[in-house]
Amino acid sequence: MIILGIETSCDETGVAICSDFKILSSYTKTQSIHQKYGGVVPEIASREHEKYLPNITNKVLNDANMRFKDIEAIAVTNGPGLMGSLLSGISFAKGLAQALDIPIIPINHLEAHLNSVFIDHSELEAPFINLLVSGGHTQLWLVKSMFNYELLGETLDDACGEAFDKGAKKMNLNYPGGPEIENLAKNGNKDLINFPRPMINDNSFNFSFSGLKTSLINCVNEDNYNFQDIAASYQEAIVDTLINKFIKAMDKFSVDSGIICGGVAANKRLRKKLSELDKKIIYPSMKYCTDNADMIAFLAEHKINNKKINFDNDFSAYSRGMIT
Ligand code: KG4
Ligand code: ZN
């Protein structure tokens with residue numbers, strides 16, 4: 001089946017075509033306009049999606065050597081995410097599906113992330129523990145099989161990507177803050193400041209990053225340390241916290257494969273520390289770690305294949321919500 005996927009949950013405008021579980025073409029436009037505001041501005045994000053979706057769709061069709069009439073179904077992210085952004089994508093997708101008289105399939109963004117690893121690792125077999133770490137989410141999942149997941153824990157306040165972004169902003173660095181802090185940390189002393197490792201001694205698989213961010217703000221205000229040392233020590237605290245819960249979950253559920261996805265999975269210090277452990281850790285390729293429409297179209301095809309879908313265009317967006 002030939003499926004056109006559309007992803008607009010935050011500040012990436014993505015369109016992709018998937019057929020027989022292979023991505024035939026795809027394009028992701030990261031909205032750089034938000035950089036100057038130091039974070040995503042929701043209304044601007046919605047407008048940018050609306051502005052670029054038609055041309056990106058034409059490009060993706062051309063790259064796959066296809067025409068609109070070749071598309072057999074549309075898949076679109078309907079949550080969780082920024083309401084306006086989601087509605088821009090859904091409105092476009094519904095209009096297209098109606099005009100082409102083809103079915104439309106709503107896809108949960110988090111479920112798509114959980115399965116994105118299969119796009120280029122079809123050999124992988126569940127169970128595994130999936131650590132989803134992005135600007136909006138920090139979640140630990142036990143993936144028992146495709147379509148069978150259990151949320152083990154998540155952040156109670158800020159996402160870990162948000163901790164990087166807000167920490168960077170406090171040090172007058174650019175957005176997104178993760179790569180900026182990583183870069184600054186290269187020449188810093190990671191052991192100089194003993195930032196808290198929040199919640200690592202409790203029995204849950206939840207996280208909390210807002211206190212850590214407050215510690216960084218205090219440190220910056222005290223003016224006793226240089227930013228390189230603050231960045232290195234702060235990054236170390238975030239990385240240690242993530243690894244602690246990730247490995248505990250793998251041990252508790254006797255799962256020997258761990259997967260990390262989301263933008264924070266790019267962090268080199270996180271990867272280095274995990275490589276030093278005797279664990280099998282798999283990273284989807286970077287284009288599937290960050291937001292993309294490939295994973296939306298890919299999951300939709302699996303759902304259709306497994307008859308896990310009710311074709312019904314009577315759905316709308318939700319900003320928060322779990323996989324159903
Ligand atoms: O998954 P993503 O591209 O977008 C969503 O949030 O959905 O993740 C973006 C997040 C941002 O918070 C960014 O600062 C963080 O991922 N990030 C990183 C790195 N690259 C991106 N965090 C730490 N180290 C990095 N190298
Ligand atoms: Zn995402």
# chains A, B, ... in the order shown; residues from 1 in each chain; ligands from 1
$ select_by_dssp --residues "range 80-173 of chain A" --states "strand (DSSP E or B)" --output "PyMOL selection string"
chain A and resi 104-108+128-133+138-145+148-155
$ write_last_selection --atoms "N, CA, C and O atoms" --output "compact mmCIF listing (two decimals), in the first residue's frame"
# COMPACT_ATOMS: atom_id res chain seq x y z
N ILE A 104 -8.07 8.14 5.62
CA ILE A 104 -7.10 8.89 6.42
C ILE A 104 -6.96 8.19 7.78
O ILE A 104 -7.95 7.73 8.35
N ILE A 105 -5.72 8.11 8.27
CA ILE A 105 -5.44 7.36 9.50
C ILE A 105 -4.76 8.28 10.51
O ILE A 105 -3.67 8.79 10.24
N PRO A 106 -5.38 8.51 11.69
CA PRO A 106 -4.70 9.31 12.72
C PRO A 106 -3.64 8.47 13.42
O PRO A 106 -3.87 7.30 13.72
N ILE A 107 -2.50 9.08 13.69
CA ILE A 107 -1.39 8.34 14.34
C ILE A 107 -0.94 9.09 15.58
O ILE A 107 -0.76 10.31 15.57
N ASN A 108 -0.72 8.32 16.66
CA ASN A 108 -0.18 8.88 17.90
C ASN A 108 1.34 9.07 17.73
O ASN A 108 2.05 8.12 17.38
N PHE A 128 12.03 -4.82 24.31
CA PHE A 128 13.12 -3.93 24.64
C PHE A 128 12.61 -2.75 25.47
O PHE A 128 11.41 -2.51 25.55
N ILE A 129 13.57 -2.08 26.08
CA ILE A 129 13.24 -0.86 26.83
C ILE A 129 13.53 0.30 25.91
O ILE A 129 14.59 0.35 25.28
N ASN A 130 12.58 1.21 25.79
CA ASN A 130 12.78 2.37 24.93
C ASN A 130 12.80 3.65 25.79
O ASN A 130 11.88 3.91 26.55
N LEU A 131 13.89 4.38 25.67
CA LEU A 131 14.02 5.67 26.35
C LEU A 131 13.76 6.76 25.31
O LEU A 131 14.54 6.91 24.37
N LEU A 132 12.66 7.48 25.50
CA LEU A 132 12.26 8.51 24.52
C LEU A 132 12.59 9.88 25.12
O LEU A 132 11.98 10.30 26.11
N VAL A 133 13.61 10.52 24.55
CA VAL A 133 14.12 11.75 25.17
C VAL A 133 14.15 12.89 24.14
O VAL A 133 15.03 12.95 23.29
N THR A 138 10.15 12.88 28.15
CA THR A 138 11.17 12.00 28.73
C THR A 138 10.38 10.82 29.27
O THR A 138 9.69 10.94 30.29
N GLN A 139 10.42 9.71 28.57
CA GLN A 139 9.59 8.57 28.94
C GLN A 139 10.39 7.27 28.81
O GLN A 139 11.21 7.13 27.92
N LEU A 140 10.07 6.34 29.71
CA LEU A 140 10.67 5.01 29.64
C LEU A 140 9.56 4.01 29.33
O LEU A 140 8.56 3.95 30.06
N TRP A 141 9.72 3.25 28.28
CA TRP A 141 8.70 2.30 27.86
C TRP A 141 9.25 0.88 27.83
O TRP A 141 10.40 0.66 27.44
N LEU A 142 8.39 -0.04 28.22
CA LEU A 142 8.69 -1.45 27.96
C LEU A 142 7.90 -1.82 26.70
O LEU A 142 6.67 -1.75 26.68
N VAL A 143 8.62 -2.13 25.63
CA VAL A 143 7.96 -2.52 24.38
C VAL A 143 7.95 -4.04 24.34
O VAL A 143 9.00 -4.67 24.19
N LYS A 144 6.75 -4.62 24.50
CA LYS A 144 6.65 -6.08 24.55
C LYS A 144 6.58 -6.66 23.15
O LYS A 144 7.07 -7.74 22.87
N SER A 145 5.91 -5.95 22.27
CA SER A 145 5.86 -6.29 20.85
C SER A 145 5.26 -5.08 20.16
O SER A 145 4.83 -4.14 20.83
N ASN A 148 2.12 -3.40 21.60
CA ASN A 148 1.95 -3.79 23.00
C ASN A 148 3.05 -3.12 23.83
O ASN A 148 4.19 -3.58 23.85
N TYR A 149 2.69 -2.02 24.46
CA TYR A 149 3.68 -1.21 25.18
C TYR A 149 3.18 -0.91 26.59
O TYR A 149 1.98 -0.80 26.81
N GLU A 150 4.15 -0.74 27.48
CA GLU A 150 3.79 -0.33 28.84
C GLU A 150 4.65 0.87 29.22
O GLU A 150 5.88 0.79 29.15
N LEU A 151 4.00 1.95 29.63
CA LEU A 151 4.75 3.13 30.09
C LEU A 151 5.25 2.86 31.50
O LEU A 151 4.46 2.68 32.42
N LEU A 152 6.57 2.83 31.68
CA LEU A 152 7.14 2.54 33.00
C LEU A 152 7.28 3.81 33.84
O LEU A 152 7.14 3.77 35.05
N GLY A 153 7.58 4.90 33.17
CA GLY A 153 7.75 6.16 33.90
C GLY A 153 7.97 7.30 32.95
O GLY A 153 8.24 7.09 31.76
N GLU A 154 7.86 8.51 33.48
CA GLU A 154 8.07 9.69 32.64
C GLU A 154 8.44 10.88 33.51
O GLU A 154 8.40 10.79 34.74
N THR A 155 8.75 11.99 32.89
CA THR A 155 9.11 13.15 33.70
C THR A 155 7.88 13.73 34.38
O THR A 155 6.79 13.76 33.82
$ residues_near_ligand --ligand "ligand 2" --cutoff "7 Å" --atoms "only C-alpha atoms and all ligand atoms" --output "MDAnalysis selection string"
chainID A and resid 109:110 113 134 262 290:291
$ select_by_dssp --residues "range 189-271 of chain A" --states "alpha helix (DSSP H)" --output "NGL selection string"
:A and (210-222 or 227-252 or 268-271)
$ residues_near_ligand --ligand "ligand 1" --cutoff "9 Å" --atoms "only C-alpha atoms and all ligand atoms" --output "PyMOL selection string"
chain A and resi 9-12+30+81+132-137+159-166+168+175-183+235+261-270+289-292
$ write_last_selection --atoms "C-alpha atoms" --output "short mmCIF file (atom, residue, chain, number, x, y, z; two decimals), in the first residue's frame"
data_model
loop_
_atom_site.label_atom_id
_atom_site.label_comp_id
_atom_site.auth_asym_id
_atom_site.auth_seq_id
_atom_site.Cartn_x
_atom_site.Cartn_y
_atom_site.Cartn_z
CA SER A 9 3.21 18.05 16.03
CA CYS A 10 5.85 20.65 16.95
CA ASP A 11 8.34 22.61 14.85
CA GLU A 12 9.27 20.05 12.21
CA THR A 30 13.07 22.17 10.73
CA GLY A 81 1.73 18.00 20.43
CA LEU A 132 12.26 8.51 24.52
CA VAL A 133 14.12 11.75 25.17
CA SER A 134 13.13 14.89 23.29
CA GLY A 135 12.34 18.54 23.87
CA GLY A 136 8.80 17.61 24.89
CA HIS A 137 9.10 14.12 26.38
CA ALA A 159 11.57 17.04 29.68
CA CYS A 160 15.33 16.42 29.61
CA GLY A 161 15.63 18.25 26.26
CA GLU A 162 13.88 21.16 27.90
CA ALA A 163 16.47 21.04 30.71
CA PHE A 164 19.18 21.40 28.05
CA ASP A 165 17.27 24.19 26.29
CA LYS A 166 16.44 26.18 29.42
CA ALA A 168 21.44 26.95 27.59
CA TYR A 175 18.30 27.33 20.75
CA PRO A 176 18.21 24.33 20.64
CA GLY A 177 20.37 24.16 23.75
CA GLY A 178 21.41 20.49 23.71
CA PRO A 179 24.09 20.75 21.01
CA GLU A 180 25.24 24.10 22.45
CA ILE A 181 25.77 22.67 25.95
CA GLU A 182 27.42 19.57 24.50
CA ASN A 183 29.84 21.75 22.60
CA GLN A 235 25.30 17.61 31.08
CA CYS A 261 15.18 7.90 20.47
CA GLY A 262 14.34 11.61 20.42
CA GLY A 263 16.67 14.55 19.83
CA VAL A 264 18.67 14.05 23.07
CA ALA A 265 19.77 10.63 21.71
CA ALA A 266 22.28 12.62 19.63
CA ASN A 267 24.21 13.54 22.78
CA LYS A 268 27.74 12.20 22.49
CA ARG A 269 28.41 12.06 26.22
CA LEU A 270 25.27 9.94 26.70
CA CYS A 289 15.34 9.97 16.25
CA THR A 290 14.01 13.46 15.69
CA ASP A 291 10.49 14.27 14.47
CA ASN A 292 9.76 12.97 10.97
#
$ atom_distance --atom1 "CA of Gly39 in chain A" --atom2 "CA of Ile238 in chain A"
19.7 Å
$ closest_residue --among "A:Val255, A:Pro54, A:Val41, A:Ile243" --to "Leu274 in chain A" --atoms "only C-alpha atoms"
A:Ile243
$ residues_around --residues "Leu212 in chain A" --least-positions-apart "3" --cutoff "7 Å" --atoms "only C-alpha atoms" --output "ChimeraX atom specification"
/A:195-196,209,215-216
$ closest_residue --among "A:Asp240, A:Asp70, A:Glu222, A:Asp191" --to "Lys272 in chain A" --atoms "only C-alpha atoms"
A:Asp240
$ residues_around --residues "Thr214 in chain A" --least-positions-apart "3" --cutoff "12 Å" --atoms "only C-alpha atoms" --output "list in words"
Asp158, Ala163, Lys166, Gly167, Lys170, Phe195, Pro196, Pro198, Ser208, Phe209, Ser210, Gly211, Ile217, Asn218, Cys219, Val220, Asn221 and Tyr234 of chain A
$ write_last_selection --atoms "N, CA and C atoms" --output "short mmCIF file (atom, residue, chain, number, x, y, z; two decimals), in the first residue's frame"
data_model
loop_
_atom_site.label_atom_id
_atom_site.label_comp_id
_atom_site.auth_asym_id
_atom_site.auth_seq_id
_atom_site.Cartn_x
_atom_site.Cartn_y
_atom_site.Cartn_z
N ASP A 158 9.79 19.05 33.75
CA ASP A 158 10.42 19.36 32.45
C ASP A 158 10.91 18.09 31.76
N ALA A 163 15.44 20.69 29.73
CA ALA A 163 16.47 21.04 30.71
C ALA A 163 17.71 21.55 29.98
N LYS A 166 16.58 25.10 28.44
CA LYS A 166 16.44 26.18 29.42
C LYS A 166 17.78 26.52 30.06
N GLY A 167 18.60 25.48 30.29
CA GLY A 167 19.94 25.70 30.85
C GLY A 167 20.77 26.53 29.88
N LYS A 170 19.79 30.18 29.87
CA LYS A 170 20.31 30.88 31.06
C LYS A 170 21.78 31.28 30.84
N PHE A 195 26.02 18.67 40.58
CA PHE A 195 24.59 18.90 40.38
C PHE A 195 23.81 17.68 40.85
N PRO A 196 22.55 17.89 41.31
CA PRO A 196 21.76 16.73 41.76
C PRO A 196 21.45 15.77 40.62
N PRO A 198 18.41 13.89 40.00
CA PRO A 198 17.07 13.82 40.63
C PRO A 198 16.43 12.44 40.56
N SER A 208 12.61 13.90 37.01
CA SER A 208 12.27 15.29 37.33
C SER A 208 13.49 16.13 36.99
N PHE A 209 13.31 17.13 36.15
CA PHE A 209 14.46 17.93 35.74
C PHE A 209 14.37 19.40 36.15
N SER A 210 13.23 19.80 36.75
CA SER A 210 13.10 21.25 37.00
C SER A 210 14.02 21.71 38.14
N GLY A 211 14.25 20.83 39.14
CA GLY A 211 15.14 21.20 40.24
C GLY A 211 16.58 21.34 39.76
N ILE A 217 20.63 27.58 37.47
CA ILE A 217 20.37 29.03 37.54
C ILE A 217 21.10 29.64 38.75
N ASN A 218 21.06 28.94 39.89
CA ASN A 218 21.76 29.43 41.08
C ASN A 218 23.26 29.54 40.81
N CYS A 219 23.78 28.53 40.16
CA CYS A 219 25.21 28.47 39.85
C CYS A 219 25.63 29.64 38.95
N VAL A 220 24.81 29.88 37.93
CA VAL A 220 25.11 30.98 37.00
C VAL A 220 25.04 32.31 37.76
N ASN A 221 24.03 32.44 38.62
CA ASN A 221 23.87 33.70 39.36
C ASN A 221 25.01 33.94 40.36
N TYR A 234 26.63 19.97 34.29
CA TYR A 234 25.17 19.91 34.11
C TYR A 234 24.81 18.76 33.16
#
$ atom_distance --atom1 "CA of Leu114 in chain A" --atom2 "CA of Ala126 in chain A"
11.2 Å
